[in-house]
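Here is the file entry-v2.csv (CSV, C-alpha atoms).
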chain,number,residue,atom,x,y,z
A,1428,MET,CA,114.0,80.0,53.2
A,1429,SER,CA,110.5,81.5,53.8
A,1430,VAL,CA,107.3,80.2,52.4
A,1431,PRO,CA,106.3,81.5,48.9
A,1432,ILE,CA,103.2,83.6,48.8
A,1433,SER,CA,101.6,81.5,46.1
A,1434,TYR,CA,101.5,78.5,48.5
A,1435,TYR,CA,99.1,80.6,50.7
A,1436,LEU,CA,97.0,81.4,47.7
A,1437,ILE,CA,96.7,77.7,46.8
A,1438,VAL,CA,95.6,76.8,50.4
A,1439,SER,CA,93.1,79.7,50.2
A,1440,ALA,CA,91.7,78.7,46.8
A,1441,THR,CA,91.3,75.1,48.1
A,1442,MET,CA,89.4,76.2,51.2
A,1443,PHE,CA,87.2,78.5,49.2
A,1444,VAL,CA,86.3,75.7,46.8
A,1445,ILE,CA,85.5,73.3,49.7
A,1446,GLY,CA,83.2,76.0,51.0
A,1447,VAL,CA,81.5,76.4,47.6
A,1448,ALA,CA,81.1,72.6,47.4
A,1449,GLY,CA,79.6,72.5,50.9
A,1450,VAL,CA,77.0,75.2,50.0
A,1451,MET,CA,76.0,73.2,47.0
A,1452,ILE,CA,75.8,69.7,48.4
A,1453,ARG,CA,74.6,70.2,52.0
A,1454,ARG,CA,70.9,70.7,53.0
A,1455,ASN,CA,71.3,71.7,56.6
A,1456,ALA,CA,70.9,75.5,56.8
A,1457,ILE,CA,73.4,75.8,59.7
A,1458,VAL,CA,76.1,73.8,57.8
A,1459,VAL,CA,75.5,75.9,54.7
A,1460,PHE,CA,76.0,79.0,57.0
A,1461,MET,CA,79.2,77.6,58.3
A,1462,CYS,CA,80.4,77.0,54.7
A,1463,ILE,CA,79.9,80.7,54.0
A,1464,GLU,CA,82.1,81.5,57.1
A,1465,LEU,CA,84.7,79.1,55.6
A,1466,MET,CA,84.7,81.0,52.3
A,1467,LEU,CA,85.0,84.4,54.1
A,1468,ASN,CA,88.0,83.1,56.0
A,1469,SER,CA,89.7,81.7,52.9
A,1470,VAL,CA,89.4,85.2,51.3
A,1471,ASN,CA,90.8,86.7,54.6
A,1472,LEU,CA,93.9,84.4,54.2
A,1473,THR,CA,94.4,85.8,50.6
A,1474,LEU,CA,94.2,89.3,51.9
A,1475,VAL,CA,96.7,88.7,54.7
A,1476,ALA,CA,99.1,87.0,52.3
A,1477,TYR,CA,99.0,89.9,49.9
A,1478,SER,CA,99.4,92.3,52.7
A,1479,ALA,CA,102.5,90.6,53.8
A,1480,ALA,CA,103.8,90.2,50.3
A,1481,PHE,CA,103.6,94.0,49.5
A,1482,GLY,CA,104.4,95.2,53.0
A,1483,ASP,CA,101.1,97.2,53.1
A,1484,LEU,CA,98.7,97.3,56.0
A,1485,THR,CA,95.5,97.8,53.8
A,1486,GLY,CA,94.9,94.1,53.4
A,1487,GLN,CA,94.9,93.5,57.1
A,1488,MET,CA,92.5,96.4,57.6
A,1489,LEU,CA,90.1,94.8,55.1
A,1490,VAL,CA,90.3,91.6,57.1
A,1491,LEU,CA,89.3,93.4,60.2
A,1492,PHE,CA,86.2,94.8,58.5
A,1493,VAL,CA,85.4,91.4,57.0
A,1494,MET,CA,85.5,90.0,60.5
A,1495,ALA,CA,83.0,92.7,61.7
A,1496,VAL,CA,80.7,92.0,58.7
A,1497,ALA,CA,81.0,88.2,59.4
A,1498,ALA,CA,79.9,88.8,63.1
A,1499,ALA,CA,76.9,90.9,62.0
A,1500,GLU,CA,76.1,88.2,59.4
A,1501,ALA,CA,76.3,85.5,62.0
A,1502,ALA,CA,73.9,87.3,64.3
A,1503,VAL,CA,71.3,88.0,61.6
A,1504,GLY,CA,71.7,84.7,59.8
A,1505,LEU,CA,71.2,82.6,62.9
A,1506,ALA,CA,68.2,84.7,63.9
A,1507,ILE,CA,66.7,83.9,60.5
A,1508,VAL,CA,67.4,80.2,61.0
A,1509,ILE,CA,65.7,80.3,64.4
A,1510,ALA,CA,62.7,82.1,62.9
A,1511,LEU,CA,62.5,79.5,60.1
A,1512,PHE,CA,62.7,76.6,62.5
A,1513,ARG,CA,59.9,78.1,64.6
A,1514,ASN,CA,57.6,78.3,61.5
A,1515,LYS,CA,58.5,75.1,59.6
A,1516,GLN,CA,60.1,72.9,62.4
A,1517,THR,CA,63.0,72.1,60.0
A,1518,VAL,CA,66.3,73.6,58.9
A,1519,ASP,CA,66.3,71.5,55.6
A,1520,ILE,CA,66.8,74.1,52.9
A,1521,ASP,CA,64.9,71.9,50.4
A,1522,GLU,CA,61.8,72.2,52.6
A,1523,ILE,CA,62.1,76.0,52.9
A,1524,ASN,CA,60.9,76.8,49.4
A,1525,ILE,CA,58.0,79.3,50.0
A,1526,LEU,CA,59.7,82.0,48.0
A,1527,LYS,CA,60.5,79.7,45.1
A,1528,TRP,CA,57.4,79.8,42.9
B,1007,MET,CA,113.5,72.3,54.4
B,1008,SER,CA,113.2,75.0,57.0
B,1009,ALA,CA,111.1,74.9,60.1
B,1010,GLU,CA,108.8,77.6,58.7
B,1011,LEU,CA,108.0,75.6,55.6
B,1012,LEU,CA,107.4,72.5,57.7
B,1013,LEU,CA,105.0,74.5,60.0
B,1014,PHE,CA,103.3,75.9,56.9
B,1015,PHE,CA,102.6,72.4,55.4
B,1016,PHE,CA,101.4,71.1,58.8
B,1017,LEU,CA,98.9,74.1,59.2
B,1018,ALA,CA,97.8,73.9,55.6
B,1019,ALA,CA,97.1,70.2,55.9
B,1020,VAL,CA,95.1,70.8,59.1
B,1021,ALA,CA,93.1,73.6,57.5
B,1022,VAL,CA,92.2,71.6,54.4
B,1023,THR,CA,91.5,68.4,56.3
B,1024,THR,CA,89.2,70.1,58.8
B,1025,ALA,CA,87.4,71.9,56.0
B,1026,VAL,CA,86.7,68.6,54.1
B,1027,LEU,CA,85.6,67.0,57.4
B,1028,MET,CA,83.3,69.9,58.0
B,1029,ILE,CA,81.3,69.4,54.8
B,1030,THR,CA,81.2,65.6,55.0
B,1031,ARG,CA,80.2,64.9,58.6
B,1032,ARG,CA,76.5,64.4,59.1
B,1033,ASN,CA,76.3,65.7,62.7
B,1034,PRO,CA,76.2,69.6,62.7
B,1035,VAL,CA,78.0,69.7,66.1
B,1036,VAL,CA,81.0,67.7,64.6
B,1037,SER,CA,81.0,70.1,61.6
B,1038,ALA,CA,81.2,73.1,64.0
B,1039,VAL,CA,84.1,71.5,65.9
B,1040,CYS,CA,85.9,70.9,62.7
B,1041,LEU,CA,85.4,74.5,61.6
B,1042,ILE,CA,86.9,75.6,65.0
B,1043,GLY,CA,89.9,73.5,64.2
B,1044,ASN,CA,90.1,75.2,60.8
B,1045,PHE,CA,90.0,78.6,62.4
B,1046,PHE,CA,92.9,77.7,64.7
B,1047,ALA,CA,95.0,76.5,61.8
B,1048,LEU,CA,94.2,79.8,60.0
B,1049,ALA,CA,95.4,81.7,63.1
B,1050,GLY,CA,98.6,79.8,62.8
B,1051,LEU,CA,99.0,80.8,59.1
B,1052,TYR,CA,98.4,84.4,60.0
B,1053,LEU,CA,101.2,84.2,62.5
B,1054,LEU,CA,103.5,82.8,59.8
B,1055,LEU,CA,102.5,85.8,57.7
B,1056,ARG,CA,103.5,88.2,60.6
B,1057,ALA,CA,100.0,89.3,61.3
B,1058,GLN,CA,100.0,88.8,65.1
B,1059,PHE,CA,97.1,91.0,66.0
B,1060,LEU,CA,94.8,89.3,63.4
B,1061,ALA,CA,95.8,85.9,64.6
B,1062,VAL,CA,94.7,86.8,68.1
B,1063,LEU,CA,91.5,88.4,66.8
B,1064,GLN,CA,90.8,85.4,64.6
B,1065,ILE,CA,90.7,83.2,67.8
B,1066,ILE,CA,88.8,85.7,69.9
B,1067,VAL,CA,86.2,86.8,67.3
B,1068,TYR,CA,85.7,83.6,65.3
B,1069,THR,CA,86.2,80.7,67.7
B,1070,GLY,CA,85.3,82.7,70.8
B,1071,ALA,CA,82.2,84.6,69.5
B,1072,ILE,CA,80.8,83.4,66.2
B,1073,MET,CA,81.3,79.6,66.7
B,1074,VAL,CA,79.9,79.8,70.2
B,1075,LEU,CA,76.8,81.4,68.7
B,1076,VAL,CA,76.6,78.7,66.0
B,1077,ILE,CA,76.9,75.9,68.5
B,1078,PHE,CA,74.4,77.6,70.8
B,1079,VAL,CA,71.9,77.7,68.0
B,1080,ILE,CA,72.5,74.0,67.1
B,1081,MET,CA,71.9,73.1,70.7
B,1082,LEU,CA,68.9,75.3,70.9
B,1083,LEU,CA,67.2,73.7,67.8
B,1084,ASN,CA,68.3,70.3,69.1
B,1085,LEU,CA,69.7,69.1,65.7
B,1086,GLY,CA,71.4,65.9,66.7
B,1087,ASP,CA,71.6,63.2,64.0
B,1088,GLU,CA,68.3,63.9,62.4
B,1089,ARG,CA,67.2,61.1,60.1
B,1090,SER,CA,65.1,63.5,58.1
B,1091,LEU,CA,68.2,65.5,57.3
B,1092,ALA,CA,70.2,62.5,56.1
B,1093,GLU,CA,72.2,63.8,53.1
B,1094,ARG,CA,71.7,61.7,50.0
B,1095,LEU,CA,73.9,61.7,46.9
B,1096,ASN,CA,71.6,62.9,44.1
B,1097,LEU,CA,72.1,64.6,40.8
B,1098,ARG,CA,72.3,68.0,42.4
B,1099,SER,CA,75.2,67.0,44.7
B,1100,THR,CA,77.0,65.5,41.7
B,1101,ILE,CA,76.6,68.6,39.7
B,1102,GLY,CA,77.8,70.7,42.7
B,1103,VAL,CA,81.0,68.6,43.1
B,1104,VAL,CA,81.8,68.7,39.4
B,1105,LEU,CA,81.3,72.5,39.3
B,1106,SER,CA,83.5,73.0,42.4
B,1107,ALA,CA,86.2,70.8,40.9
B,1108,GLY,CA,86.0,73.0,37.8
B,1109,LEU,CA,86.4,76.2,39.9
B,1110,LEU,CA,89.3,74.7,41.8
B,1111,LEU,CA,91.1,73.8,38.5
B,1112,GLU,CA,90.4,77.4,37.2
B,1113,LEU,CA,91.8,79.0,40.3
B,1114,PHE,CA,94.9,76.8,40.2
B,1115,VAL,CA,95.5,77.7,36.5
B,1116,ILE,CA,95.2,81.4,37.3
B,1117,ILE,CA,97.6,81.1,40.2
B,1118,GLY,CA,100.0,79.0,38.1
B,1119,ALA,CA,99.9,81.3,35.1
B,1120,ARG,CA,100.2,84.6,37.1
B,1121,GLY,CA,102.6,83.1,39.7
B,1122,ALA,CA,105.9,83.8,38.0
B,1123,SER,CA,105.1,87.4,36.9
B,1124,SER,CA,102.9,89.2,39.4
B,1125,ILE,CA,102.8,87.3,42.7
B,1126,PRO,CA,105.8,88.2,44.9
B,1127,ALA,CA,108.0,85.3,45.8
B,1128,SER,CA,108.2,85.8,49.6
B,1129,ILE,CA,107.3,88.1,52.4
B,1130,HIS,CA,108.2,91.8,52.0
B,1131,PRO,CA,111.0,92.7,54.5
B,1132,GLN,CA,108.9,95.7,55.7
B,1133,SER,CA,106.0,93.5,56.8
B,1134,GLU,CA,108.0,92.0,59.8
B,1135,ALA,CA,106.7,94.7,62.1
B,1136,LEU,CA,103.5,95.4,60.2
B,1137,GLY,CA,100.9,93.3,62.0
B,1138,THR,CA,101.6,94.5,65.6
B,1139,VAL,CA,98.8,96.0,67.7
B,1140,GLU,CA,100.6,99.4,67.5
B,1141,GLU,CA,100.7,99.5,63.7
B,1142,VAL,CA,97.2,98.2,63.3
B,1143,GLY,CA,95.8,100.4,65.9
B,1144,SER,CA,97.3,103.6,64.6
B,1145,ALA,CA,96.1,102.8,61.1
B,1146,LEU,CA,92.6,101.9,62.4
B,1147,PHE,CA,92.2,105.2,64.2
B,1148,GLY,CA,94.0,107.2,61.5
B,1149,ARG,CA,93.5,106.5,57.9
B,1150,PHE,CA,90.6,104.0,58.5
B,1151,VAL,CA,88.7,105.9,61.2
B,1152,LEU,CA,85.6,106.5,59.0
B,1153,PRO,CA,85.1,102.8,58.0
B,1154,PHE,CA,85.7,101.9,61.6
B,1155,GLU,CA,82.9,104.1,62.8
B,1156,ILE,CA,80.6,102.9,60.1
B,1157,THR,CA,81.3,99.3,61.3
B,1158,SER,CA,79.8,100.3,64.7
B,1159,LEU,CA,76.6,101.4,62.9
B,1160,LEU,CA,76.5,98.0,61.0
B,1161,LEU,CA,76.9,96.1,64.3
B,1162,LEU,CA,74.0,98.2,65.8
B,1163,VAL,CA,71.8,97.3,62.8
B,1164,ALA,CA,72.8,93.6,63.2
B,1165,ILE,CA,71.8,93.6,66.9
B,1166,VAL,CA,68.4,95.2,66.3
B,1167,GLY,CA,67.8,92.9,63.3
B,1168,ALA,CA,68.7,89.8,65.3
B,1169,VAL,CA,66.4,90.7,68.1
B,1170,LEU,CA,63.6,91.6,65.7
B,1171,LEU,CA,63.9,88.3,63.7
B,1172,ALA,CA,64.4,85.9,66.6
B,1173,LYS,CA,61.9,87.2,69.1
B,1174,ARG,CA,58.5,85.5,69.1
B,1175,ARG,CA,56.5,88.6,69.9
B,1176,LEU,CA,57.8,92.2,70.1

Go through the file and emit its structure as structure tokens.
Amino acid sequence: MSVPISYYLIVSATMFVIGVAGVMIRRNAIVVFMCIELMLNSVNLTLVAYSAAFGDLTGQMLVLFVMAVAAAEAAVGLAIVIALFRNKQTVDIDEINILKW
Amino acid sequence: MSAELLLFFFLAAVAVTTAVLMITRRNPVVSAVCLIGNFFALAGLYLLLRAQFLAVLQIIVYTGAIMVLVIFVIMLLNLGDERSLAERLNLRSTIGVVLSAGLLLELFVIIGARGASSIPASIHPQSEALGTVEEVGSALFGRFVLPFEITSLLLLVAIVGAVLLAKRRL
């Protein structure tokens, strides 16, 4: 007996929600960044699961492009974190509020 | 219970546990190592879904490139156990946890309600040979060649942007 597709969707939903919770409760910018990576990966799992369920390669192609976008996002996001740290000497997102008011 | 189902439950447990550990550990290096464990579990789940090429790519791209970059930045900024970054439970965190629990409930209800009618029960027989390098490569350089080329443009923009943002003086 093979694994039902809905099990994969449940794992993916749980991981996505853990990522959302991490973004909302953590204050370290790098950990928030890693939570975003976790959310991207949980969506990738859904795409691969549906790709396997329907026997269609489009979902796996989409995962490839999500990986490319995640790599670009990692490079730019970490560069922003370095630039912020150079200016404010902190990565606490509660301290970085210059655009807030 | 078949071996595949057992393997699935093991990998799913590893994935969820490492994700929870990632958002609860104080030290960012420990969080990063937990996320790497999560990525390995995901690669195993991709293998169970017959996506061999994506499983290898997951390990090479995510754990090999992106997480090395993250850990490099953590080391560069020297963010050990900073007392100033001690996470405290306040009203905002409580609201965040409550909202996330609501979202989780909502997603489970959707999966449960739609599960019987629209989600296929198991893997399509055609997908056994779908995730090989041959199939993915011929699709990537056939039907998807335009998005593939645009991706290279995106990566070029990301390289230029990263250098521009992180460099002290151009």

All residues 8 Å or closer to Ile1507 in chain A, all atoms listed in the file, same chain fewer than 6 positions away omitted, as JSON, numbers by chain: {"B": [1168, 1171, 1172]}

Best match for closeness to Arg1513 in chain A among B:Leu1097, B:Lys1173, B:Leu1017, B:Gly1148, counting only C-alpha atoms: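 Counting only C-alpha atoms, the residue closest to Arg1513 in chain A is B:Lys1173.
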
For Val1493 in chain A: contacts at 10 Å, all atoms listed in the file, fewer than 2 positions along chain excluded, given as a ChimeraX atom specification: /A:1467-1468,1470-1471,1487-1491,1495-1499 /B:1157

Counting all atoms listed in the file, which residues in chain A sit no more than 6 Å from chain B? For each one, give the nearest pair of atoms and the distance in Å, sorted by chain then residue number, as a tab-separated table.
residue	atom	partner	partner_atom	distance
A:Val1430	CA	B:Leu1011	CA	5.6
A:Pro1431	CA	B:Ser1128	CA	4.8
A:Ile1432	CA	B:Ser1128	CA	5.5
A:Val1444	CA	B:Ser1106	CA	5.9
A:Ala1448	CA	B:Ser1106	CA	5.6
A:Gly1449	CA	B:Ile1029	CA	5.3
A:Met1451	CA	B:Gly1102	CA	5.3
A:Ile1452	CA	B:Ser1099	CA	4.6
A:Ala1479	CA	B:Ser1133	CA	5.4
A:Ala1480	CA	B:Ile1129	CA	4.6
A:Phe1481	CA	B:His1130	CA	5.7
A:Gly1482	CA	B:Ser1133	CA	4.5
A:Ala1499	CA	B:Ala1164	CA	5.1
A:Ala1502	CA	B:Ala1168	CA	5.9
A:Val1503	CA	B:Ala1168	CA	4.9
A:Ala1506	CA	B:Ala1172	CA	4.8
A:Ala1510	CA	B:Ala1172	CA	5.6

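The interatomic distance for the pair CA of Phe1016 in chain B and CA of Gly1050 in chain B works out to 10.0 Å.
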
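Taking all atoms listed in the file, the non-local environment of Thr1473 in chain A within 9 Å (same-chain residues fewer than 6 positions away omitted) comprises Tyr1435, Leu1436, Ser1439, Ala1440 and Gly1486 of chain A.
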
Interatomic distance (Å, one decimal) between CA of Asp1483 in chain A and CA of Ala1061 in chain B: 17.0 Å

Counting all atoms listed in the file, the option among A:Val1447, A:Ala1456, A:Met1461, A:Leu1526 closest to Phe1512 in chain A: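 Of all the options, A:Ala1456 lies closest to Phe1512 in chain A.
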
How would range 1132-1162 of chain B read, as a PDB file, in the frame of the given file, once N, CA and C atoms are built in?
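So the final result, stored in out.pdb, reads:
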ATOM      1  N   GLN B1132     109.535  94.685  54.857  1.00  0.00           N
ATOM      2  CA  GLN B1132     108.900  95.700  55.700  1.00  0.00           C
ATOM      3  C   GLN B1132     107.754  95.139  56.518  1.00  0.00           C
ATOM      4  N   SER B1133     107.226  93.960  56.132  1.00  0.00           N
ATOM      5  CA  SER B1133     106.000  93.500  56.800  1.00  0.00           C
ATOM      6  C   SER B1133     106.370  92.752  58.127  1.00  0.00           C
ATOM      7  N   GLU B1134     107.659  92.678  58.509  1.00  0.00           N
ATOM      8  CA  GLU B1134     108.000  92.000  59.800  1.00  0.00           C
ATOM      9  C   GLU B1134     107.342  92.648  60.960  1.00  0.00           C
ATOM     10  N   ALA B1135     107.263  94.005  60.954  1.00  0.00           N
ATOM     11  CA  ALA B1135     106.700  94.700  62.100  1.00  0.00           C
ATOM     12  C   ALA B1135     105.334  95.335  61.728  1.00  0.00           C
ATOM     13  N   LEU B1136     104.670  94.765  60.700  1.00  0.00           N
ATOM     14  CA  LEU B1136     103.500  95.400  60.200  1.00  0.00           C
ATOM     15  C   LEU B1136     102.213  95.037  60.981  1.00  0.00           C
ATOM     16  N   GLY B1137     102.150  93.784  61.442  1.00  0.00           N
ATOM     17  CA  GLY B1137     100.900  93.300  62.000  1.00  0.00           C
ATOM     18  C   GLY B1137     100.794  93.480  63.520  1.00  0.00           C
ATOM     19  N   THR B1138     101.635  94.305  64.118  1.00  0.00           N
ATOM     20  CA  THR B1138     101.600  94.500  65.600  1.00  0.00           C
ATOM     21  C   THR B1138     100.362  95.309  65.943  1.00  0.00           C
ATOM     22  N   VAL B1139      99.995  95.242  67.236  1.00  0.00           N
ATOM     23  CA  VAL B1139      98.800  96.000  67.700  1.00  0.00           C
ATOM     24  C   VAL B1139      99.062  97.490  67.499  1.00  0.00           C
ATOM     25  N   GLU B1140     100.310  97.935  67.683  1.00  0.00           N
ATOM     26  CA  GLU B1140     100.600  99.400  67.500  1.00  0.00           C
ATOM     27  C   GLU B1140     100.335  99.840  66.115  1.00  0.00           C
ATOM     28  N   GLU B1141     100.869  99.098  65.124  1.00  0.00           N
ATOM     29  CA  GLU B1141     100.700  99.500  63.700  1.00  0.00           C
ATOM     30  C   GLU B1141      99.211  99.451  63.322  1.00  0.00           C
ATOM     31  N   VAL B1142      98.563  98.315  63.645  1.00  0.00           N
ATOM     32  CA  VAL B1142      97.200  98.200  63.300  1.00  0.00           C
ATOM     33  C   VAL B1142      96.292  99.206  63.932  1.00  0.00           C
ATOM     34  N   GLY B1143      96.567  99.460  65.219  1.00  0.00           N
ATOM     35  CA  GLY B1143      95.800 100.400  65.900  1.00  0.00           C
ATOM     36  C   GLY B1143      95.917 101.842  65.381  1.00  0.00           C
ATOM     37  N   SER B1144      97.154 102.237  65.064  1.00  0.00           N
ATOM     38  CA  SER B1144      97.300 103.600  64.600  1.00  0.00           C
ATOM     39  C   SER B1144      96.717 103.746  63.167  1.00  0.00           C
ATOM     40  N   ALA B1145      96.727 102.674  62.359  1.00  0.00           N
ATOM     41  CA  ALA B1145      96.100 102.800  61.100  1.00  0.00           C
ATOM     42  C   ALA B1145      94.549 102.799  61.222  1.00  0.00           C
ATOM     43  N   LEU B1146      94.053 101.998  62.207  1.00  0.00           N
ATOM     44  CA  LEU B1146      92.600 101.900  62.400  1.00  0.00           C
ATOM     45  C   LEU B1146      92.023 103.235  62.882  1.00  0.00           C
ATOM     46  N   PHE B1147      92.751 103.960  63.731  1.00  0.00           N
ATOM     47  CA  PHE B1147      92.200 105.200  64.200  1.00  0.00           C
ATOM     48  C   PHE B1147      92.801 106.418  63.471  1.00  0.00           C
ATOM     49  N   GLY B1148      93.540 106.142  62.372  1.00  0.00           N
ATOM     50  CA  GLY B1148      94.000 107.200  61.500  1.00  0.00           C
ATOM     51  C   GLY B1148      93.369 107.218  60.177  1.00  0.00           C
ATOM     52  N   ARG B1149      93.993 106.473  59.249  1.00  0.00           N
ATOM     53  CA  ARG B1149      93.500 106.500  57.900  1.00  0.00           C
ATOM     54  C   ARG B1149      92.098 105.811  57.784  1.00  0.00           C
ATOM     55  N   PHE B1150      91.822 104.823  58.640  1.00  0.00           N
ATOM     56  CA  PHE B1150      90.600 104.000  58.500  1.00  0.00           C
ATOM     57  C   PHE B1150      89.555 104.347  59.520  1.00  0.00           C
ATOM     58  N   VAL B1151      89.567 105.569  60.051  1.00  0.00           N
ATOM     59  CA  VAL B1151      88.700 105.900  61.200  1.00  0.00           C
ATOM     60  C   VAL B1151      87.211 105.930  60.700  1.00  0.00           C
ATOM     61  N   LEU B1152      86.962 106.377  59.459  1.00  0.00           N
ATOM     62  CA  LEU B1152      85.600 106.500  59.000  1.00  0.00           C
ATOM     63  C   LEU B1152      84.955 105.071  58.777  1.00  0.00           C
ATOM     64  N   PRO B1153      85.625 104.131  58.065  1.00  0.00           N
ATOM     65  CA  PRO B1153      85.100 102.800  58.000  1.00  0.00           C
ATOM     66  C   PRO B1153      84.890 102.135  59.369  1.00  0.00           C
ATOM     67  N   PHE B1154      85.822 102.443  60.289  1.00  0.00           N
ATOM     68  CA  PHE B1154      85.700 101.900  61.600  1.00  0.00           C
ATOM     69  C   PHE B1154      84.429 102.339  62.315  1.00  0.00           C
ATOM     70  N   GLU B1155      84.111 103.634  62.173  1.00  0.00           N
ATOM     71  CA  GLU B1155      82.900 104.100  62.800  1.00  0.00           C
ATOM     72  C   GLU B1155      81.648 103.579  62.105  1.00  0.00           C
ATOM     73  N   ILE B1156      81.725 103.430  60.782  1.00  0.00           N
ATOM     74  CA  ILE B1156      80.600 102.900  60.100  1.00  0.00           C
ATOM     75  C   ILE B1156      80.339 101.426  60.493  1.00  0.00           C
ATOM     76  N   THR B1157      81.432 100.702  60.829  1.00  0.00           N
ATOM     77  CA  THR B1157      81.300  99.300  61.300  1.00  0.00           C
ATOM     78  C   THR B1157      80.438  99.279  62.577  1.00  0.00           C
ATOM     79  N   SER B1158      80.603 100.287  63.454  1.00  0.00           N
ATOM     80  CA  SER B1158      79.800 100.300  64.700  1.00  0.00           C
ATOM     81  C   SER B1158      78.313 100.423  64.337  1.00  0.00           C
ATOM     82  N   LEU B1159      78.005 101.220  63.308  1.00  0.00           N
ATOM     83  CA  LEU B1159      76.600 101.400  62.900  1.00  0.00           C
ATOM     84  C   LEU B1159      76.089 100.020  62.339  1.00  0.00           C
ATOM     85  N   LEU B1160      76.933  99.331  61.556  1.00  0.00           N
ATOM     86  CA  LEU B1160      76.500  98.000  61.000  1.00  0.00           C
ATOM     87  C   LEU B1160      76.237  97.050  62.149  1.00  0.00           C
ATOM     88  N   LEU B1161      77.080  97.046  63.193  1.00  0.00           N
ATOM     89  CA  LEU B1161      76.900  96.100  64.300  1.00  0.00           C
ATOM     90  C   LEU B1161      75.575  96.454  65.043  1.00  0.00           C
ATOM     91  N   LEU B1162      75.266  97.764  65.168  1.00  0.00           N
ATOM     92  CA  LEU B1162      74.000  98.200  65.800  1.00  0.00           C
ATOM     93  C   LEU B1162      72.817  97.639  65.031  1.00  0.00           C
TER      94      LEU B1162
END
